[in-house]
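Working notes for the structure below.
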Amino acid sequence: MKKKGYRYTSPPDAADAVSEEAAGRKETATAVADVDCKKDVGLLDARHDVESGIQEKELISEREEALVAEKKHLTASLHAAAKALENSR
């Protein structure tokens with residue numbers, strides 16, 4: 001962001017500076033520069049990797065049994081729906 005003439009102490013500060021209600025040219029330029037900067041330094045990929053790791057560890061692992069049961073239920077529902085569609089032709 002500094003290279004593009006902006007001075008923010010952290011990535012969230014740039015996003016917080018953009019008002020959702022009245023986004024004019026300045027706000028749009030700031031938002032575009034912010035996203036470009038995050039892409040350039042790999043922040044978006046890094047954040048995705050960290051959040052995915054947290055989800056894997058804390059959300060998926062702790063609820064594996066319920067997720068497996070839900071997957072079985074959805075798979076059975078999809079098969080039943082496919083069969084119903086096939087029989088309706």
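Going through the structure tokens in order, the chains are called A, B, and so on, while each chain numbers its residues from 1 and the ligands are numbered from 1 in the order shown.
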DSSP-assigned helix (DSSP H, G or I) members of range 2-89 of chain A, reported as a count of residues only:
70
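Proximity of A:Glu86, A:Met1, A:Ile54, A:Ala66 to Val35 in chain A, computed with only C-alpha atoms, is greatest for A:Met1.
Compared by their closest atoms to Thr30 in chain A, and using only C-alpha atoms, the residues A:Gly5, A:Ala80, A:His48, A:Gly53 rank with A:Gly5 nearest.
Distance-wise, CA of Ile60 in chain A and CA of Lys39 in chain A end up 27.7 Å apart.
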Let me make sure I understand: among A:Tyr6, A:His73, A:Arg89, A:Pro11, which one has the smallest atom-to-atom distance to Glu27 in chain A if we use only C-alpha atoms?
A:Tyr6
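Straight-line separation from CA of Ala31 in chain A to CA of Lys4 in chain A: 11.8 Å.
CA of Gly42 in chain A is found 18.9 Å from CA of Arg7 in chain A.
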